[in-house]
file model_29.txt (compact mmCIF, C-alpha atoms)
# COMPACT_ATOMS: atom_id res chain seq x y z
CA MET W 1 0.00 0.00 0.00
CA SER W 2 1.38 3.40 -0.96
CA VAL W 3 1.44 6.32 1.35
CA THR W 4 -1.38 7.81 -0.58
CA GLU W 5 -3.63 4.80 -0.16
CA GLN W 6 -5.71 4.55 2.97
CA PRO W 7 -7.59 1.54 4.34
CA PRO W 8 -11.32 1.64 3.91
CA PRO W 9 -13.09 3.34 6.77
CA HIS W 10 -14.47 1.12 9.57
CA PRO W 11 -18.15 0.69 9.05
CA GLY W 12 -20.30 2.58 11.53
CA PRO W 13 -22.49 0.79 14.05
CA GLY W 14 -25.59 -0.87 12.75
CA PRO W 15 -28.96 -0.60 14.34
CA ASP W 16 -28.47 -3.83 16.36
CA ASP W 17 -24.86 -3.35 17.39
CA GLY W 18 -25.68 -1.46 20.60
CA ALA W 19 -27.88 -4.26 21.92
CA ALA W 20 -25.22 -6.84 21.07
CA ASP W 21 -22.56 -4.86 22.90
CA ASP W 22 -24.78 -4.52 25.94
CA ALA W 23 -25.42 -8.27 25.95
CA ALA W 24 -21.69 -9.01 25.68
CA VAL W 25 -20.87 -6.66 28.55
CA GLU W 26 -23.58 -8.20 30.74
CA GLN W 27 -22.36 -11.71 29.95
CA LEU W 28 -18.79 -10.74 30.83
CA ARG W 29 -19.98 -9.14 34.06
CA ASP W 30 -21.87 -12.32 35.02
CA ARG W 31 -18.80 -14.44 34.32
CA ILE W 32 -16.56 -12.23 36.45
CA SER W 33 -19.10 -12.33 39.29
CA ALA W 34 -19.34 -16.12 39.08
CA ASP W 35 -15.55 -16.49 39.04
CA SER W 36 -15.22 -14.15 42.00
CA LEU W 37 -17.85 -16.07 43.94
CA THR W 38 -16.07 -19.36 43.20
CA THR W 39 -12.77 -17.91 44.30
CA ARG W 40 -14.24 -16.62 47.56
CA ARG W 41 -15.92 -19.95 48.24
CA ASP W 42 -12.73 -21.88 47.54
CA TYR W 43 -10.77 -19.55 49.80
CA LEU W 44 -13.25 -19.87 52.64
CA ARG W 45 -13.35 -23.64 52.24
CA ILE W 46 -9.54 -23.86 52.43
CA VAL W 47 -9.43 -21.61 55.50
CA ALA W 48 -12.17 -23.61 57.21
CA THR W 49 -10.40 -26.89 56.44
CA VAL W 50 -7.04 -25.72 57.76
CA SER W 51 -8.54 -24.08 60.84
CA GLY W 52 -10.62 -27.16 61.55
CA GLY W 53 -7.58 -29.38 61.23
CA LEU W 54 -5.62 -27.28 63.68
CA ALA W 55 -8.51 -27.26 66.12
CA ILE W 56 -8.99 -31.02 65.89
CA GLY W 57 -5.27 -31.56 66.38
CA GLY W 58 -5.20 -29.34 69.45
CA VAL W 59 -8.25 -31.01 70.97
CA GLY W 60 -6.82 -34.43 70.17
CA VAL W 61 -3.57 -33.72 71.98
CA ALA W 62 -5.34 -32.13 74.94
CA ALA W 63 -7.81 -35.00 75.25
CA GLY W 64 -5.18 -37.71 74.88
CA ILE W 65 -6.64 -39.10 71.64
CA LEU W 66 -3.34 -38.87 69.78
CA HIS W 67 -0.33 -41.05 70.55
CA ARG W 68 1.45 -40.20 73.78
CA HIS W 69 4.99 -41.08 74.75
CA GLY W 70 5.12 -44.28 76.80
CA ASP W 71 1.60 -45.47 75.97
CA SER W 72 2.71 -49.02 75.23
CA GLU W 73 2.46 -51.60 78.01
CA ALA W 74 5.42 -53.55 76.60
CA LEU W 75 8.95 -52.92 77.83
CA PRO W 76 10.90 -51.31 74.98
CA ALA W 77 14.22 -52.70 73.84
CA PRO W 78 17.14 -50.91 75.55
CA LYS W 79 18.74 -48.27 73.35
CA LYS W 80 22.19 -46.76 73.53
CA VAL W 81 21.86 -43.00 73.82
CA ALA W 82 25.51 -41.94 73.88
CA ASP W 83 28.98 -43.36 74.36
CA GLU W 84 29.46 -40.72 77.03
CA LEU W 85 27.51 -37.76 78.35
CA VAL W 86 29.42 -35.21 80.40
CA PRO W 87 27.88 -32.64 82.77
CA GLY W 88 26.29 -29.69 81.01
CA ARG W 89 25.55 -31.60 77.81
CA SER W 90 22.41 -33.03 76.24
CA VAL W 91 21.69 -35.41 73.39
CA ALA W 92 18.59 -35.95 71.28
CA PHE W 93 17.55 -39.49 70.37
CA ARG W 94 14.52 -41.63 69.50
CA PHE W 95 12.88 -43.80 72.15
CA PRO W 96 10.96 -46.02 72.71
CA GLY W 97 10.09 -46.04 68.98
CA GLU W 98 11.71 -44.44 65.96
CA ASP W 99 8.92 -41.86 65.85
CA ASP W 100 9.31 -40.87 69.51
CA ARG W 101 11.59 -37.87 70.04
CA ALA W 102 13.50 -37.90 73.29
CA LEU W 103 16.16 -35.94 75.14
CA ALA W 104 18.83 -36.97 77.65
CA VAL W 105 20.57 -34.40 79.84
CA ARG W 106 23.54 -34.62 82.21
CA LEU W 107 22.93 -31.94 84.81
CA ALA W 108 25.76 -29.95 86.36
CA ASP W 109 25.85 -32.18 89.46
CA GLY W 110 26.21 -35.31 87.33
CA SER W 111 22.57 -36.46 87.48
CA LEU W 112 21.20 -38.11 84.35
CA VAL W 113 17.65 -37.25 83.31
CA GLY W 114 15.67 -38.22 80.24
CA TYR W 115 12.33 -37.05 78.87
CA SER W 116 10.09 -37.13 75.87
CA ALA W 117 11.06 -34.18 73.67
CA VAL W 118 7.43 -33.63 72.61
CA CYS W 119 5.65 -30.80 74.41
CA THR W 120 2.45 -31.85 76.17
CA HIS W 121 0.68 -28.76 74.84
CA LEU W 122 0.57 -29.14 71.04
CA ALA W 123 3.42 -31.60 70.40
CA CYS W 124 6.13 -29.11 69.42
CA GLY W 125 9.77 -30.04 70.01
CA VAL W 126 11.33 -29.44 73.44
CA LEU W 127 14.90 -28.20 73.88
CA TRP W 128 17.24 -27.97 76.88
CA ARG W 129 18.60 -24.51 77.66
CA GLU W 130 21.68 -24.88 79.86
CA ASP W 131 21.98 -21.22 80.83
CA ARG W 132 18.62 -20.98 82.65
CA GLY W 133 19.29 -21.64 86.34
CA ALA W 134 21.44 -24.24 88.05
CA ASP W 135 19.87 -27.15 86.12
CA GLY W 136 18.91 -25.27 82.97
CA GLU W 137 15.37 -25.68 81.70
CA LEU W 138 13.39 -27.67 79.16
CA TYR W 139 11.81 -25.19 76.79
CA CYS W 140 9.17 -25.37 74.04
CA PRO W 141 9.63 -22.39 71.68
CA CYS W 142 6.20 -22.74 70.01
CA HIS W 143 4.13 -21.35 72.89
CA GLU W 144 6.74 -20.53 75.57
CA GLY W 145 6.21 -23.72 77.57
CA VAL W 146 8.82 -24.38 80.27
CA PHE W 147 9.53 -27.58 82.23
CA ASP W 148 11.77 -28.25 85.20
CA ALA W 149 14.89 -30.04 83.94
CA ARG W 150 15.22 -32.18 87.08
CA THR W 151 11.60 -33.33 87.36
CA GLY W 152 9.89 -32.60 84.02
CA GLU W 153 7.13 -30.65 85.78
CA VAL W 154 5.55 -27.63 84.11
CA THR W 155 6.92 -24.34 85.43
CA ALA W 156 5.52 -21.85 82.90
CA GLY W 157 3.34 -21.53 79.83
CA PRO W 158 0.36 -23.50 78.54
CA PRO W 159 1.46 -27.19 78.79
CA PRO W 160 -1.17 -29.06 80.84
CA ARG W 161 1.01 -31.98 81.98
CA PRO W 162 4.65 -32.74 82.84
CA LEU W 163 6.91 -34.34 80.25
CA PRO W 164 6.85 -38.16 80.17
CA ARG W 165 10.02 -39.49 81.75
CA ILE W 166 12.60 -41.83 80.22
CA PHE W 167 14.65 -43.97 82.57
CA LEU W 168 18.37 -43.92 81.82
CA THR W 169 21.21 -46.06 83.08
CA GLU W 170 24.97 -45.62 82.82
CA GLN W 171 27.21 -48.62 82.18
CA ALA W 172 30.73 -49.17 83.48
CA ASP W 173 32.21 -47.98 80.20
CA GLY W 174 30.43 -44.64 80.53
CA SER W 175 27.80 -45.32 77.89
CA VAL W 176 24.27 -44.12 78.55
CA TRP W 177 21.25 -46.31 77.75
CA ALA W 178 17.50 -45.72 77.73
CA VAL W 179 15.70 -48.69 79.29
CA ALA W 180 12.08 -47.76 80.09
CA THR W 181 9.50 -44.98 79.96
CA ALA W 182 6.86 -43.42 82.17
CA ARG W 183 3.65 -41.76 81.14
CA SER W 184 3.14 -38.11 81.93
CA GLY W 185 2.78 -37.75 85.70
CA GLU W 186 3.14 -41.50 86.34
CA PRO W 187 5.17 -42.36 89.48
CA ALA W 188 8.51 -43.99 88.72
CA LYS W 189 7.82 -47.19 90.65
CA GLU W 190 4.42 -47.66 89.02
CA ALA W 191 5.94 -47.20 85.56
CA LEU W 192 8.78 -49.64 86.18
CA CYS W 193 6.52 -52.28 87.73
CA ARG W 194 4.12 -51.98 84.81
CA GLN W 195 6.90 -52.76 82.35
CA PHE W 196 9.18 -55.10 84.33
CA SER W 197 6.80 -57.35 86.24
CA ASP W 198 5.93 -59.83 83.46
CA THR W 199 9.23 -60.12 81.63
CA HIS W 200 11.95 -59.04 84.08
CA PRO W 201 11.02 -60.42 87.51
CA GLU W 202 14.44 -59.76 89.05
CA GLU W 203 14.36 -56.10 88.13
CA ALA W 204 10.75 -55.91 89.30
CA ALA W 205 11.73 -57.45 92.62
CA SER W 206 14.59 -54.98 93.04
CA VAL W 207 12.10 -52.14 92.63
CA GLY W 208 9.74 -53.79 95.14
CA CYS W 209 6.86 -54.39 92.77
CA PRO W 210 3.78 -56.13 94.24
CA GLY W 211 3.79 -59.91 93.89
CA THR W 212 7.56 -60.27 93.56
CA GLY W 213 8.11 -61.59 97.11
CA ARG W 214 10.36 -58.72 98.09
CA PRO W 215 9.36 -55.83 100.37
CA ALA W 216 8.92 -52.57 98.57
CA ALA W 217 11.94 -50.30 98.95
CA PRO W 218 11.43 -46.59 99.57
CA GLU W 219 10.71 -45.01 96.23
CA ARG W 220 13.35 -42.72 94.83
CA ARG W 221 13.72 -41.08 91.46
CA PRO W 222 15.89 -43.32 89.29
CA THR W 223 18.79 -41.94 87.27
call {"tool": "encode", "arguments": {"input": "model_29.txt", "output": "C-alpha cells"}}
result
Amino acid sequence: MSVTEQPPPHPGPGPDDGAADDAAVEQLRDRISADSLTTRRDYLRIVATVSGGLAIGGVGVAAGILHRHGDSEALPAPKKVADELVPGRSVAFRFPGEDDRALAVRLADGSLVGYSAVCTHLACGVLWREDRGADGELYCPCHEGVFDARTGEVTAGPPPRPLPRIFLTEQADGSVWAVATARSGEPAKEALCRQFSDTHPEEAASVGCPGTGRPAAPERRPT
C-alpha cells in the first residue's frame, strides 16, 4: 500500500450493534461475578479446612486421643543413647520407637535425666537450655512452655502436663542407655513395675513391685 492509499473506513455501528454490545458486557460481568464467587468460596473452604484441622489436632492432643509417649504396656528394647555424656551436655535421640523424640541431659551435678522431647501442649519439640538456672530448663519455643529439667514438671506456659520421663542407666564404660519410659505424671515405681513385672522379675523385685516376694523399697527417682 502506498502512502497515498488509505484503508477503507471502519463501518459505523448498525442498528443492532448497541444491543449486542450490551449483551456481551452483561455476559462478561456475570462471568466475572461467578468467578469471584467461586474464588471466595474456595478460599473460605480452604481456610475452614485448615482451621478445623488445627482445632482437631489441638483437641486431640489435649484430650489424649493422639499417641502419647510411653503409651505401650510392653517394655521397649534398651537403646544406647551416647557413648558418654558429660555434665552440662544433652543429646537428642529416638525412644521407645523411631517416631518418639527424646532428650537426655547430664545436669551440672552429674545427674542423668531423660524425657520425651514432645511438648504436652501441642506436640512441638522441646529443647534444653543450659543457661537458665542451676539445672537449665526444658523449653518449648512454640508457645513458651517451660519444664523443670530435674523433674519434668511444668513451670511456665500452657502445657497441661509434665513431660513423660525416660529412665536412663549408665554402664561401666560410661555409655548411657535408655531402658524404660513413664507416662506423663506416672510415678517412677508404678511405671517400672508396669513394664518389668511380666518379663523381668528380678528387676521388678529390686524395685519392690507387688507380687515379687520382696518388700517394697522406699521409692526414689531413678537416674
call {"tool": "residues_around", "arguments": {"input": "model_29.txt", "residues": "Ala182 in chain W", "least_positions_apart": "5", "cutoff": "7 Å", "atoms": "all atoms listed in the file", "output": "NGL selection string"}}
result
:W and (70 or 164-166 or 188 or 191)
call {"tool": "write_last_selection", "arguments": {"input": "model_29.txt", "atoms": "C-alpha atoms", "output": "short mmCIF file (atom, residue, chain, number, x, y, z; two decimals), in the frame of the given file"}}
result
data_model
loop_
_atom_site.label_atom_id
_atom_site.label_comp_id
_atom_site.auth_asym_id
_atom_site.auth_seq_id
_atom_site.Cartn_x
_atom_site.Cartn_y
_atom_site.Cartn_z
CA GLY W 70 5.12 -44.28 76.80
CA PRO W 164 6.85 -38.16 80.17
CA ARG W 165 10.02 -39.49 81.75
CA ILE W 166 12.60 -41.83 80.22
CA ALA W 188 8.51 -43.99 88.72
CA ALA W 191 5.94 -47.20 85.56
#
call {"tool": "atom_distance", "arguments": {"input": "model_29.txt", "atom1": "CA of Ala77 in chain W", "atom2": "CA of Trp128 in chain W"}}
result
25.1 Å
call {"tool": "atom_distance", "arguments": {"input": "model_29.txt", "atom1": "CA of Lys80 in chain W", "atom2": "CA of Val179 in chain W"}}
result
8.9 Å
call {"tool": "residues_around", "arguments": {"input": "model_29.txt", "residues": "Glu186 in chain W", "least_positions_apart": "4", "cutoff": "12 Å", "atoms": "all atoms listed in the file", "output": "JSON list (two decimals) with C-alpha atoms, in the frame of the given file"}}
result
[["chain", "number", "residue", "atom", "x", "y", "z"],
["W", 69, "HIS", "CA", 4.99, -41.08, 74.75],
["W", 70, "GLY", "CA", 5.12, -44.28, 76.80],
["W", 71, "ASP", "CA", 1.60, -45.47, 75.97],
["W", 151, "THR", "CA", 11.60, -33.33, 87.36],
["W", 152, "GLY", "CA", 9.89, -32.60, 84.02],
["W", 153, "GLU", "CA", 7.13, -30.65, 85.78],
["W", 161, "ARG", "CA", 1.01, -31.98, 81.98],
["W", 162, "PRO", "CA", 4.65, -32.74, 82.84],
["W", 163, "LEU", "CA", 6.91, -34.34, 80.25],
["W", 164, "PRO", "CA", 6.85, -38.16, 80.17],
["W", 165, "ARG", "CA", 10.02, -39.49, 81.75],
["W", 166, "ILE", "CA", 12.60, -41.83, 80.22],
["W", 181, "THR", "CA", 9.50, -44.98, 79.96],
["W", 182, "ALA", "CA", 6.86, -43.42, 82.17],
["W", 190, "GLU", "CA", 4.42, -47.66, 89.02],
["W", 191, "ALA", "CA", 5.94, -47.20, 85.56],
["W", 192, "LEU", "CA", 8.78, -49.64, 86.18],
["W", 193, "CYS", "CA", 6.52, -52.28, 87.73],
["W", 194, "ARG", "CA", 4.12, -51.98, 84.81],
["W", 221, "ARG", "CA", 13.72, -41.08, 91.46]]
call {"tool": "closest_residue", "arguments": {"input": "model_29.txt", "among": "W:Asp109, W:Asp173, W:Asp131, W:Asp198", "to": "Pro87 in chain W", "atoms": "all atoms listed in the file"}}
result
W:Asp109
call {"tool": "closest_residue", "arguments": {"input": "model_29.txt", "among": "W:Glu130, W:Asp83, W:Glu73, W:Glu144", "to": "Val105 in chain W", "atoms": "all atoms listed in the file"}}
result
W:Glu130
call {"tool": "atom_distance", "arguments": {"input": "model_29.txt", "atom1": "CA of Val81 in chain W", "atom2": "CA of Trp177 in chain W"}}
result
5.2 Å
call {"tool": "residues_around", "arguments": {"input": "model_29.txt", "residues": "Ser175 in chain W", "least_positions_apart": "4", "cutoff": "12 Å", "atoms": "only C-alpha atoms", "output": "MDAnalysis selection string"}}
result
chainID W and resid 79:86 112 168:171
call {"tool": "residues_around", "arguments": {"input": "model_29.txt", "residues": "Cys124 in chain W", "least_positions_apart": "4", "cutoff": "7 Å", "atoms": "all atoms listed in the file", "output": "ChimeraX atom specification"}}
result
/W:118-119,140,142
call {"tool": "closest_residue", "arguments": {"input": "model_29.txt", "among": "W:Thr212, W:Thr155, W:Ser184, W:Ser197", "to": "Tyr115 in chain W", "atoms": "only C-alpha atoms"}}
result
W:Ser184
call {"tool": "closest_residue", "arguments": {"input": "model_29.txt", "among": "W:His200, W:Pro158, W:Pro187, W:Arg129", "to": "His143 in chain W", "atoms": "all atoms listed in the file"}}
result
W:Pro158
call {"tool": "closest_residue", "arguments": {"input": "model_29.txt", "among": "W:Lys189, W:Arg89, W:Arg94, W:Arg132", "to": "Ser116 in chain W", "atoms": "only C-alpha atoms"}}
result
W:Arg94
call {"tool": "build_atoms", "arguments": {"input": "model_29.txt", "residues": "range 121-132 of chain W", "atoms": "all heavy atoms", "output": "mmCIF file, keeping the file's coordinate frame"}}
result
data_model
loop_
_atom_site.group_PDB
_atom_site.id
_atom_site.type_symbol
_atom_site.label_atom_id
_atom_site.label_comp_id
_atom_site.auth_asym_id
_atom_site.auth_seq_id
_atom_site.Cartn_x
_atom_site.Cartn_y
_atom_site.Cartn_z
ATOM 1 N N HIS W 121 1.693 -29.725 75.257
ATOM 2 C CA HIS W 121 0.680 -28.760 74.840
ATOM 3 C C HIS W 121 0.162 -29.113 73.451
ATOM 4 O O HIS W 121 -0.919 -29.680 73.309
ATOM 5 C CB HIS W 121 1.255 -27.339 74.872
ATOM 6 C CG HIS W 121 0.293 -26.289 74.440
ATOM 7 N ND1 HIS W 121 0.670 -25.204 73.673
ATOM 8 C CD2 HIS W 121 -1.044 -26.154 74.650
ATOM 9 C CE1 HIS W 121 -0.389 -24.449 73.437
ATOM 10 N NE2 HIS W 121 -1.433 -25.002 74.021
ATOM 11 N N LEU W 122 0.975 -28.832 72.421
ATOM 12 C CA LEU W 122 0.570 -29.140 71.040
ATOM 13 C C LEU W 122 1.646 -29.881 70.282
ATOM 14 O O LEU W 122 1.758 -29.755 69.061
ATOM 15 C CB LEU W 122 0.193 -27.843 70.306
ATOM 16 C CG LEU W 122 -1.094 -27.169 70.777
ATOM 17 C CD1 LEU W 122 -1.331 -25.867 70.014
ATOM 18 C CD2 LEU W 122 -2.297 -28.086 70.619
ATOM 19 N N ALA W 123 2.463 -30.656 70.994
ATOM 20 C CA ALA W 123 3.420 -31.600 70.400
ATOM 21 C C ALA W 123 4.567 -30.949 69.646
ATOM 22 O O ALA W 123 5.147 -31.559 68.756
ATOM 23 C CB ALA W 123 2.683 -32.592 69.488
ATOM 24 N N CYS W 124 4.928 -29.714 69.992
ATOM 25 C CA CYS W 124 6.130 -29.110 69.420
ATOM 26 C C CYS W 124 7.372 -29.728 70.089
ATOM 27 O O CYS W 124 7.281 -30.376 71.124
ATOM 28 C CB CYS W 124 6.128 -27.601 69.643
ATOM 29 S SG CYS W 124 4.874 -26.733 68.680
ATOM 30 N N GLY W 125 8.532 -29.492 69.470
ATOM 31 C CA GLY W 125 9.770 -30.040 70.010
ATOM 32 C C GLY W 125 10.240 -29.285 71.240
ATOM 33 O O GLY W 125 10.100 -28.059 71.348
ATOM 34 N N VAL W 126 10.819 -30.013 72.191
ATOM 35 C CA VAL W 126 11.330 -29.440 73.440
ATOM 36 C C VAL W 126 12.857 -29.456 73.397
ATOM 37 O O VAL W 126 13.466 -30.445 72.983
ATOM 38 C CB VAL W 126 10.818 -30.239 74.655
ATOM 39 C CG1 VAL W 126 11.493 -29.775 75.938
ATOM 40 C CG2 VAL W 126 9.303 -30.094 74.766
ATOM 41 N N LEU W 127 13.456 -28.354 73.847
ATOM 42 C CA LEU W 127 14.900 -28.200 73.880
ATOM 43 C C LEU W 127 15.371 -27.989 75.313
ATOM 44 O O LEU W 127 14.599 -27.551 76.172
ATOM 45 C CB LEU W 127 15.333 -26.988 73.032
ATOM 46 C CG LEU W 127 14.760 -26.908 71.611
ATOM 47 C CD1 LEU W 127 15.089 -25.543 71.000
ATOM 48 C CD2 LEU W 127 15.287 -28.032 70.746
ATOM 49 N N TRP W 128 16.657 -28.270 75.565
ATOM 50 C CA TRP W 128 17.240 -27.970 76.880
ATOM 51 C C TRP W 128 18.085 -26.704 76.749
ATOM 52 O O TRP W 128 18.948 -26.606 75.862
ATOM 53 C CB TRP W 128 18.103 -29.110 77.370
ATOM 54 C CG TRP W 128 18.714 -28.867 78.723
ATOM 55 C CD1 TRP W 128 18.055 -28.592 79.882
ATOM 56 C CD2 TRP W 128 20.107 -28.874 79.048
ATOM 57 N NE1 TRP W 128 18.939 -28.425 80.912
ATOM 58 C CE2 TRP W 128 20.212 -28.599 80.434
ATOM 59 C CE3 TRP W 128 21.262 -29.092 78.321
ATOM 60 C CZ2 TRP W 128 21.431 -28.542 81.096
ATOM 61 C CZ3 TRP W 128 22.483 -29.026 78.972
ATOM 62 C CH2 TRP W 128 22.566 -28.761 80.342
ATOM 63 N N ARG W 129 17.815 -25.737 77.629
ATOM 64 C CA ARG W 129 18.600 -24.510 77.660
ATOM 65 C C ARG W 129 19.453 -24.506 78.914
ATOM 66 O O ARG W 129 18.950 -24.335 80.032
ATOM 67 C CB ARG W 129 17.678 -23.281 77.602
ATOM 68 C CG ARG W 129 16.804 -23.275 76.359
ATOM 69 C CD ARG W 129 16.251 -21.914 76.022
ATOM 70 N NE ARG W 129 15.302 -21.418 77.002
ATOM 71 C CZ ARG W 129 14.540 -20.330 76.810
ATOM 72 N NH1 ARG W 129 14.622 -19.655 75.676
ATOM 73 N NH2 ARG W 129 13.687 -19.928 77.739
ATOM 74 N N GLU W 130 20.749 -24.696 78.747
ATOM 75 C CA GLU W 130 21.680 -24.880 79.860
ATOM 76 C C GLU W 130 21.813 -23.638 80.724
ATOM 77 O O GLU W 130 22.043 -23.732 81.946
ATOM 78 C CB GLU W 130 23.051 -25.287 79.318
ATOM 79 C CG GLU W 130 24.102 -25.513 80.394
ATOM 80 C CD GLU W 130 25.476 -25.729 79.802
ATOM 81 O OE1 GLU W 130 25.620 -25.636 78.574
ATOM 82 O OE2 GLU W 130 26.413 -25.976 80.590
ATOM 83 N N ASP W 131 21.660 -22.456 80.132
ATOM 84 C CA ASP W 131 21.980 -21.220 80.830
ATOM 85 C C ASP W 131 20.819 -20.672 81.661
ATOM 86 O O ASP W 131 20.868 -19.529 82.128
ATOM 87 C CB ASP W 131 22.421 -20.146 79.831
ATOM 88 C CG ASP W 131 21.361 -19.861 78.777
ATOM 89 O OD1 ASP W 131 20.424 -20.678 78.655
ATOM 90 O OD2 ASP W 131 21.474 -18.846 78.069
ATOM 91 N N ARG W 132 19.769 -21.460 81.887
ATOM 92 C CA ARG W 132 18.620 -20.980 82.650
ATOM 93 C C ARG W 132 18.588 -21.656 84.025
ATOM 94 O O ARG W 132 17.994 -22.716 84.204
ATOM 95 C CB ARG W 132 17.320 -21.275 81.897
ATOM 96 C CG ARG W 132 17.258 -20.644 80.513
ATOM 97 C CD ARG W 132 17.393 -19.131 80.586
ATOM 98 N NE ARG W 132 17.390 -18.508 79.286
ATOM 99 C CZ ARG W 132 16.340 -17.930 78.730
ATOM 100 N NH1 ARG W 132 15.184 -17.900 79.383
ATOM 101 N NH2 ARG W 132 16.431 -17.364 77.541
#
